[in-house]
Structures are given as C-alpha cells and as structure tokens.
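S.K.: The structure under discussion is supplied below as structure tokens; questions concerning it will follow.
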Amino acid sequence: MKWTSLNELREKFLSFFESKGHLRLPSFSLVPQGDNSLLLINSGMAPMKKYFTREIEPPRDRVCTCQKCIRTPDLERVGHTARHGTYFEMLGNFSFADYFKNEAISWAWEFLTEALEIPAELLWPSVYEKDDEAFSIWRDKIGVPENHIVKLGKADNFWEHGTGPCGPCSEIYFDRGEKYGCGSPDCKPGCDCDRFMEIWNNVFTQFNSDGQGGYTELKNKNIDTGMGLERLACVMQGVDNLFEVDTVRALLDAVCARAGKKYGEKTSDDVSIRVITDHTRSATFMISDGVIPSNEGRGYVLRRIIRRACRHGKLLGISGMFLRPLSEIVISQNEGAYPELREKYDYILKVITLEEERFNATIDSGLGILSGIIETAKSEGKSEISGADAFKLYDTFGFPPDLTREIAEESGLKIDECEFTALMNEQKARARAARGNISGWTDSSKSLISSLPETDFVGYDKTECEGKILSVISEGESVSEISEGEISLVLDRTVFYGEGGGQVGDTGEIITSGARLSVYDTKKTGGVYIHLAKIEEGSVRVGDTATAKIDTARRDAIRRNHSSAHLLQAALRSVLGTHVEQAGSYVDEHRVRFDFTHLSAMTREEIEAVEALVNENILKAEAAETIVTTPDEAKKMGAMALFGEKYGKLVRVVKIGSASTELCGGTHVSSTGQIGLFKIISESSVAAGVRRIEGTTGLGVLSLLSERDALIADTAKELKSPNAMGIAKKASGLQSELKEIRRELDAANSRIAEMKAEALLSGIKQVGKFKLLLARVDMRADAVRTLSDTVKSKYPDGVAVFAAVDGDKLNFVAAAGSEAVKLGAHAGNILREISVICGGKGGGRPDSAMSGGKDVSKIPEALAEAEKILANL
C-alpha cells in the first residue's frame, strides 16, 4: 500500500471500472434536476434515481462516477471537529438491472487489494445478518475468513427509505490499528470506537418494500455503491481526517499563511481555520454549478457558508478580502477532474468576491446591533434574545440565523426559536401566496392517465394530424362520453405542443365526426399530452377518431420568439462573457422572457450590443436545423445544455445558423430570416445574480412600436410640445423648474423648523441626569430630524423624543447628545419600547433613531413612557 494523492485515487477508481465495462459519467451538477426532495445533491446515487426507476433510460446499464456532494444538516458543527465537512466527493459504480452481488463484491475487493494494494488482513467486510448469499460470496469466492466477516442487523446493513426499492448492504471496513481502538477483545466493525473505518458500501437493491414489513423480490435488481474519496485518501495517505488529505491540507495551509496562524496551536483558531477551508471548497463548487447567494433555498445555504467563512476570518484577525485567492487554489487543485471550474473561473471569483464585499459592508453595523441586543438581554437578566431581533438581523442585514445563534451562544444566550420560526413561516407563506398555483394540471388528474402510452408527437413538422381519443377527463374523473363543458383530452397522436422547456402549450381545435372542440392549452406529463379543451358542439367519445389542428399563426409567433431566445443567449455570452447561463425562460406568442446568470445590471451600451447582434443573425437568414443524436455527439457539436440536466440515449439538437447550437425540445423557425426583427423591451433583476430580459419579435415589434408612438404623441400633447422631437427639451425644462421649487421648499421648511425649535426649546425640562424635550409635532419625519439634531447639538446632555404626525402617518424621532449617551441614554432602545404602545416598531443608534407607529391617540402615553425610561437611568 503506497501513498496516493486524492486526484490519483479518483482517476484510479474510474479507470478501473471503465475496464469492467462501465461508462464513466462526469459528475452531475450539485443542483438536483427534476427532484424537489433535495436542495443539493448529497450522495452518488441521488442524481441517478430516475435511471434506477427507468423513468429515464440510462446511457448504459453499467456506469461509474465521482460525484460532487454537499451535506449541511450539521453546518454549525463544521470546524468544531475534524470529522465534519460540507463538501465531499463520492466514488460509485452502478448497475441498472445488469450485474449483481458476485461482480460488485469481487470488483470492490479487486480494486482495494490489487489496484490499491491494501493488505487483505486490514479489510473487514460486513453483511446483513440474513444475507447468506453475500456472506457465501465473501467466504467462498473471495476467501475472506469467517472470523473476518461481520454480520450486522437491519439498522446497520439494510438500505430502506419508506416504500419502494430496498435491499441489504455489504460494507468494507479498514482496520486503522489498535491505537484507535477501545481495547476490547471483541472489538470489530460495528463497535463505537474509531478503530474500524467504513470505506465502501455496496447496496444490493433486490426487494420492494410495502412499508409494512413486507418484501417482494424485484424482477430487475440493481447495484448502488458509494465510497467517500476523502475517506479513502485518509487510508492511502495514513492521515486521521479529511483536513489532513493532501489537497485539503494545502488549502488549510494557505488559510494559515493568510491569517498568520499555525494549525494545532490554539483550539479556537483551529476551528476557524477548518471552517474557512471547508467552506471555501463548498462555495467554489456550488457557484460553479450555478448556485447564487440569496435568502432562500440553496442560495441561502451558499450565503450561510460564505458569510460564516467571512466571520471566522475576522475571528482569526484577517483584514481585508481573503476568499478569492483561496477559491483560486480550489480551482487549480480540481480543474483536471472538473474542467467547468476553469471555464467559469472569472465568474466564480466574481460571485464569491461580491458576496464577501456585501457581507463586509453590513457585518460591522450588523455586529454592532447584535452586540447591543446581547448587551441589553444580559443586563435585563434574560437567557435568550427575541426571535424578532434575530429575524430582523436576517431579513435586513443578511445575517444567517445560525451566525446570530453562534455569536449569541458565545455570550451564553439562545434565540427564541419559536418566535423566529413563526416569523420565517409568515414570510414563506407570503411568498407562496404570491407565487400562486401555476401547474394547470392536478395530481389526481395525472393518476387517471398513468397507464396510458406516451403520445406520438408529430408537431415539429406538421400542423394537422389524425389521432384516436384514448381518454376524456371531466371534473377530475374519467368519462367515456360527454357533450358539454371543459374537458381534458388525450390522443394517441397529436400536433399540439405540450407546455415544456419554457414554451407554452399550443391552442387550436379538435374535430371528430360528431363534435368540435376548441383547445385553449396543452400540457404534458410523463410523455402523455393533455389537451385542455371546451366542447363547442356535439358529443365526444373515447375511441373516436379526431383531427387535431393547431392555431398556426400563434405557433409561428411562438417559433419566432423561441428561436430568438436561442440567439439571445448566444449574444449575451458573446457580449457579457461565457459565465452567462440560462436560469429560466418563458416563450409565448407575444414575447420571450429569458433569465440568465449575471451579477450586475446591463449597461445601455451592452443592451444595444446584444440587440444588434441578435438582429445581425436574423438578417443573415441562415437555416435552422434539428438533429437527433446521442449526448456524446451533441457535446462534440458544441451543443449547450441546461447544466447538470440528465439526458437519455438520444437528444434533440437545434442548430440556428452559425450562432447557436443547443439541446432543445421546443418548436423553431426553419430560417433566422423568419424571425423578422428582435427588440428588447426590458432588462431587470430577478434575484441576486440573476437578470431578466424581455423581448419580442416579428409582428410583436410592430405592435410595440405602435404603442410607443402613441405614448410619445400623448406625452408631447401633455407637455405642450409642438412635436415629438421637443419632448426631451421640454422635460428637461420642467425638471429644472421642479429642482428650483424643491430648493425653495426645503429652505422654507428649514426656516419653519428653526422657528418651531426655538418655540419648543422653552419646554425642555430636567429629568434625572438628562435635559428632556417631549413633543408631538405635525410635520414630516425628515423635517423633525432637524429639530432633534438641534436639541442634540445645543444640549450635549439633552434627549429629544418627538411624535411626528403627517396626515395618517405616525413616526417617532429621537436623539441623544454625546454626554447623554455616555450617561446611558439610548435613542434606539427608547423608541423600541415606546413604539409598541402605538402599535409600531423600530429602533436605531444610541444617538439617533426613528420608528413607526399606528395609533395616534396613544401618543401621550408613549411620550410619558419615554420620560419614565430616562428617569430610571
């Protein structure tokens, strides 16, 4: 057994299984495709679920991978021990109804003992206690002594998750030696000590579970194996944990060099060093796979990871930005196995740098507020900080709750988790309500067509066809005949495109010998096309022959917009850079909406350049063609795909002139000239790091121009401009007039404020250690700030609290002079307490604060409370 680098081990494993007839697949994206049960891929088999179920045909019945994985359930533990990490790689060989236990066990043993030359006496297999077949293979075929094979129970060696496919496992353990053991003569795999480390798990998927303890043998049996690459590297390099593995240790040493620290000298420093090391690896790979920092979902996981690393950098005393050079190390270490890291080099570094900058811009003020909250809680003898305060830090300052929790725990405090969770749920509920239901097809309806064959779609080159009616669904139930109302119809053959890939479904009509239906939408689920239709006349029966005709004018408009989306993506990548990737799209007959990854708003010049490039390609009138081929051939053609998406044995490549080659299942023009013209309507932000362009083509551009001409004419009329050419000059003149009026108004307000201040100052009084001014004023809140600043500057030991009423709006404004602050006055804390009396909330700094309120009738009570607070200081 000789020392082997992590990168060498990865290649050895994949090459070994290629020699056994396996297809080497690249790692799937960390972002799950078509699997809402996971935020991020966390195991080797997770992205291949649909291969096992045959929902998608696997590219070969034997495959092997090295899969990037992220696990974050115990994120707060990462760093505190050397065992925990968020990013790891999982080696795996998989059989989809091909080989089974004999081959899986034999090859695992061959790889470990022959390819890696691990001494056989250091390896201990385990089997499920009832799996006599696996036990016999290990003993009789491999030749492992019985006393070296451990039988374990269901909890350890049987893979099962609810109902469905399941089966026994056989794990292989590495004996690290007696110094790691518990000293017991019975010590062996299954013991709680650290002597035996599991390095390989073979799952034999051979049963189907009914969830009630009943198991039936599967006709098609599968193999699912997993071996942690970092864990295997620990064995081959003779180190104790993942942070000592060669590539990870090199990154850890770079962290130490940047911080001026030595690993192993101080426990608290070691925690921060490990956090930064692990989190930099995770962030780099997540960004590479298209995850962008945000406040929800996987984007929030990324934000937590980056900001936790930033905070631990501060704990180590690192000044300035430091994540970029560390991410560069991760890229250089891993680009051989993951070339996308080099392809997206600039983009990765830009995202991680921007997020670090954003956090640095808010962390000091956020930490200051949190420090004040902690100080107040401790002075009041509380054991926790409120959930409302924790939520505000998250919502306003981007503080991940675990960071607030971690800092609070360092001061011996907890968070009111119930209140925080309630506020988070309220926010999620609002978001869900805003999204609404857009599915257009219920799960109960889907179950009615689950047994139907896939629809033969012939609509790429036809606009009309005949088909047989296979199913009619009305109000969630299958019917054999119906003569009125809105129904869902399934044909064995259709020209209607089912909504998918961002393209809307077709409309048109379906005609039988006894009925006519207008189709107002088409959906698709599991390969079955569902026509949503209204019966216009006659009676519809299952078994009838029908003629399906799409609305060709609408389809042509959709084609133009869809093809323009492809040209748009190519133009964006040309103008902005190859980091641009599709993040979503929507295409109908009126417009194209294209979401893409980009970190800043496009400039006017960039928008014009993109629009011009799209139109240049349109005017070339180049042919658009469709090619059905294998994924490998498509890749050789340079076809772009949704990163991480799984594809079957055949894919559809749409090549539009010389500008664009993409995998796509939508409908397109046959020549770019048919698009006519492309016009960008708007460019905006969708989320952090995601921009959106809306545009239109063909007759849509003509309609847009007509609307704009009408708007210009109406505007010229309202501005009393003699013609459209004079609008800009007229608007500029009005802006100058408005600026002058605002200047005069501000000057008048300042004079009024000064006069009111002089009058109000006569009401100042001594309350304890402070000069206090309380008043209700009927003014705007911004004008009242001038009043409070006057008191603060004139009386260093003074405190002013104003209730500003402006129409139906109520705000509280408070200020405290420098001496008053030293004596314990805190404007923010005062307002935090008195605002509640009037049904509001808010706060601020010790010397200046503003909050809101609702109930004007309780102003006297609120102001009286402010006086009590100061009197007690």
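Ligands are numbered from 1 in the order shown, chains are lettered A, B, ... in the order of the structure tokens, and residues start at 1 in each chain.
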Using DSSP on the backbone coordinates, identify the residues of region 740-835 of chain A assigned to helix (DSSP H, G or I); present them as a ChimeraX atom specification.

M.R.: /A:740-761,781-794,818-822,827-835

S.K.: Find the residues near Asp269 (chain A): any atom within 10 Å, counting only C-alpha atoms, skip ones fewer than 5 places away on the same chain, and give them as a ChimeraX atom specification.

M.R.: /A:79,256,259,261-264,274-275,312-313,315-317

S.K.: Considering only C-alpha atoms, state which residue in the set A:Leu14, A:Thr163, A:Arg311, A:Phe420 is at the smallest distance from Leu367 (chain A).

M.R.: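 For Leu367 (chain A), the nearest of the given residues is A:Arg311.
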
S.K.: Find the residues around Ile369 (chain A) up to 10 Å (only C-alpha atoms counted), leave out those fewer than 2 positions away in its own chain, and share them as number ranges by chain.

M.R.: A: 363-367, 371-375, 389, 393, 397, 844-845

S.K.: How many Å lie between CA of Ile385 (chain A) and CA of Asn829 (chain A), rounded to one decimal?

M.R.: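 Calculated distance between CA of Ile385 (chain A) and CA of Asn829 (chain A) is 14.4 Å.
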
S.K.: Within 6 Å of region 80-97 of chain A, counting only C-alpha atoms, which residues show up once you throw out same-chain ones fewer than 3 positions away? Write them as a PyMOL selection string, please.

M.R.: chain A and resi 44+61-72+77+220-229+271+282

S.K.: So that I have them on file, write out the residues from the current selection with C-alpha atoms, as a PDB file, in the first residue's frame.

M.R.:
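Saved to selection-v2.pdb:
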ATOM      1  CA  GLY A  44     -23.584   9.457  -5.551  1.00  0.00           C
ATOM      2  CA  ASP A  61     -26.533  -0.404 -17.862  1.00  0.00           C
ATOM      3  CA  ARG A  62     -23.168  -0.022 -16.110  1.00  0.00           C
ATOM      4  CA  VAL A  63     -21.855   3.411 -15.112  1.00  0.00           C
ATOM      5  CA  CYS A  64     -19.291   4.830 -12.695  1.00  0.00           C
ATOM      6  CA  THR A  65     -18.953   8.340 -11.328  1.00  0.00           C
ATOM      7  CA  CYS A  66     -17.141  10.578  -8.913  1.00  0.00           C
ATOM      8  CA  GLN A  67     -19.994  12.768  -7.672  1.00  0.00           C
ATOM      9  CA  LYS A  68     -19.627  16.174  -6.034  1.00  0.00           C
ATOM     10  CA  CYS A  69     -21.756  16.262  -2.852  1.00  0.00           C
ATOM     11  CA  ILE A  70     -22.833  18.833  -0.271  1.00  0.00           C
ATOM     12  CA  ARG A  71     -24.295  17.984   3.138  1.00  0.00           C
ATOM     13  CA  THR A  72     -25.246  20.764   5.567  1.00  0.00           C
ATOM     14  CA  ARG A  77     -20.573  21.620  13.841  1.00  0.00           C
ATOM     15  CA  ASN A 220     -34.742  -6.144 -12.095  1.00  0.00           C
ATOM     16  CA  LYS A 221     -32.078  -5.899  -9.401  1.00  0.00           C
ATOM     17  CA  ASN A 222     -29.646  -3.000  -9.131  1.00  0.00           C
ATOM     18  CA  ILE A 223     -26.277  -2.206  -7.598  1.00  0.00           C
ATOM     19  CA  ASP A 224     -25.637   1.134  -5.897  1.00  0.00           C
ATOM     20  CA  THR A 225     -22.215   1.622  -4.309  1.00  0.00           C
ATOM     21  CA  GLY A 226     -20.563   4.512  -2.544  1.00  0.00           C
ATOM     22  CA  MET A 227     -17.034   5.209  -1.320  1.00  0.00           C
ATOM     23  CA  GLY A 228     -16.006   8.601   0.034  1.00  0.00           C
ATOM     24  CA  LEU A 229     -12.967   9.829  -1.909  1.00  0.00           C
ATOM     25  CA  VAL A 271     -11.984  25.806  14.479  1.00  0.00           C
ATOM     26  CA  SER A 282     -18.106  24.154  -0.911  1.00  0.00           C
TER      27      SER A 282
END

S.K.: Can you pull out the residues contacting Ile837 (chain A)? Cut-off 12 Å, using only C-alpha atoms, and skip same-chain residues under 6 positions away; I want them as a PDB file with N, CA, C and O atoms, in the first residue's frame.

M.R.:
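Result went into around-v8.pdb, see below:
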ATOM      1  N   PHE A 812     -41.933  58.163  15.237  1.00  0.00           N
ATOM      2  CA  PHE A 812     -41.239  58.693  16.401  1.00  0.00           C
ATOM      3  C   PHE A 812     -39.791  58.979  15.997  1.00  0.00           C
ATOM      4  O   PHE A 812     -39.158  58.160  15.315  1.00  0.00           O
ATOM      5  N   ILE A 830     -35.050  53.501  23.482  1.00  0.00           N
ATOM      6  CA  ILE A 830     -36.248  54.253  23.914  1.00  0.00           C
ATOM      7  C   ILE A 830     -37.373  54.054  22.909  1.00  0.00           C
ATOM      8  O   ILE A 830     -38.515  53.723  23.266  1.00  0.00           O
ATOM      9  N   LEU A 831     -37.069  54.241  21.624  1.00  0.00           N
ATOM     10  CA  LEU A 831     -38.114  54.102  20.602  1.00  0.00           C
ATOM     11  C   LEU A 831     -38.599  52.665  20.466  1.00  0.00           C
ATOM     12  O   LEU A 831     -39.771  52.426  20.166  1.00  0.00           O
ATOM     13  N   SER A 851     -38.692  55.421  14.412  1.00  0.00           N
ATOM     14  CA  SER A 851     -39.551  54.233  14.403  1.00  0.00           C
ATOM     15  C   SER A 851     -40.939  54.623  13.930  1.00  0.00           C
ATOM     16  O   SER A 851     -41.247  55.803  13.771  1.00  0.00           O
ATOM     17  N   GLY A 852     -41.775  53.612  13.726  1.00  0.00           N
ATOM     18  CA  GLY A 852     -43.129  53.856  13.251  1.00  0.00           C
ATOM     19  C   GLY A 852     -44.168  53.621  14.327  1.00  0.00           C
ATOM     20  O   GLY A 852     -43.891  53.053  15.382  1.00  0.00           O
ATOM     21  N   GLY A 853     -45.377  54.054  14.046  1.00  0.00           N
ATOM     22  CA  GLY A 853     -46.498  53.840  14.946  1.00  0.00           C
ATOM     23  C   GLY A 853     -47.797  53.889  14.162  1.00  0.00           C
ATOM     24  O   GLY A 853     -47.808  54.290  12.997  1.00  0.00           O
ATOM     25  N   LYS A 854     -48.901  53.475  14.811  1.00  0.00           N
ATOM     26  CA  LYS A 854     -50.203  53.454  14.125  1.00  0.00           C
ATOM     27  C   LYS A 854     -51.271  54.237  14.877  1.00  0.00           C
ATOM     28  O   LYS A 854     -52.010  55.015  14.286  1.00  0.00           O
ATOM     29  N   ASP A 855     -51.355  54.030  16.185  1.00  0.00           N
ATOM     30  CA  ASP A 855     -52.440  54.605  16.986  1.00  0.00           C
ATOM     31  C   ASP A 855     -52.034  55.979  17.527  1.00  0.00           C
ATOM     32  O   ASP A 855     -51.322  56.109  18.521  1.00  0.00           O
ATOM     33  N   VAL A 856     -52.521  57.045  16.852  1.00  0.00           N
ATOM     34  CA  VAL A 856     -52.177  58.417  17.225  1.00  0.00           C
ATOM     35  C   VAL A 856     -52.716  58.769  18.606  1.00  0.00           C
ATOM     36  O   VAL A 856     -52.123  59.574  19.338  1.00  0.00           O
ATOM     37  N   SER A 857     -53.833  58.163  19.011  1.00  0.00           N
ATOM     38  CA  SER A 857     -54.471  58.509  20.291  1.00  0.00           C
ATOM     39  C   SER A 857     -53.593  58.156  21.491  1.00  0.00           C
ATOM     40  O   SER A 857     -53.783  58.673  22.589  1.00  0.00           O
ATOM     41  N   LYS A 858     -52.610  57.267  21.279  1.00  0.00           N
ATOM     42  CA  LYS A 858     -51.777  56.836  22.401  1.00  0.00           C
ATOM     43  C   LYS A 858     -50.423  57.539  22.455  1.00  0.00           C
ATOM     44  O   LYS A 858     -49.522  57.125  23.177  1.00  0.00           O
ATOM     45  N   ILE A 859     -50.298  58.634  21.688  1.00  0.00           N
ATOM     46  CA  ILE A 859     -49.045  59.390  21.714  1.00  0.00           C
ATOM     47  C   ILE A 859     -48.714  59.886  23.117  1.00  0.00           C
ATOM     48  O   ILE A 859     -47.564  59.744  23.573  1.00  0.00           O
ATOM     49  N   PRO A 860     -49.661  60.499  23.855  1.00  0.00           N
ATOM     50  CA  PRO A 860     -49.328  60.975  25.207  1.00  0.00           C
ATOM     51  C   PRO A 860     -48.779  59.865  26.097  1.00  0.00           C
ATOM     52  O   PRO A 860     -47.823  60.067  26.848  1.00  0.00           O
ATOM     53  N   GLU A 861     -49.391  58.685  25.991  1.00  0.00           N
ATOM     54  CA  GLU A 861     -48.937  57.557  26.805  1.00  0.00           C
ATOM     55  C   GLU A 861     -47.522  57.139  26.430  1.00  0.00           C
ATOM     56  O   GLU A 861     -46.690  56.837  27.293  1.00  0.00           O
ATOM     57  N   ALA A 862     -47.221  57.150  25.126  1.00  0.00           N
ATOM     58  CA  ALA A 862     -45.897  56.765  24.651  1.00  0.00           C
ATOM     59  C   ALA A 862     -44.836  57.757  25.110  1.00  0.00           C
ATOM     60  O   ALA A 862     -43.742  57.373  25.562  1.00  0.00           O
ATOM     61  N   LEU A 863     -45.141  59.062  25.006  1.00  0.00           N
ATOM     62  CA  LEU A 863     -44.174  60.079  25.431  1.00  0.00           C
ATOM     63  C   LEU A 863     -43.935  60.019  26.937  1.00  0.00           C
ATOM     64  O   LEU A 863     -42.820  60.227  27.418  1.00  0.00           O
ATOM     65  N   ALA A 864     -45.004  59.743  27.692  1.00  0.00           N
ATOM     66  CA  ALA A 864     -44.861  59.609  29.146  1.00  0.00           C
ATOM     67  C   ALA A 864     -43.952  58.436  29.498  1.00  0.00           C
ATOM     68  O   ALA A 864     -43.161  58.499  30.446  1.00  0.00           O
ATOM     69  N   GLU A 865     -44.050  57.358  28.700  1.00  0.00           N
ATOM     70  CA  GLU A 865     -43.202  56.181  28.933  1.00  0.00           C
ATOM     71  C   GLU A 865     -41.738  56.522  28.676  1.00  0.00           C
ATOM     72  O   GLU A 865     -40.843  56.049  29.381  1.00  0.00           O
ATOM     73  N   ALA A 866     -41.479  57.359  27.659  1.00  0.00           N
ATOM     74  CA  ALA A 866     -40.111  57.784  27.374  1.00  0.00           C
ATOM     75  C   ALA A 866     -39.510  58.507  28.571  1.00  0.00           C
ATOM     76  O   ALA A 866     -38.341  58.311  28.924  1.00  0.00           O
TER      77      ALA A 866
END
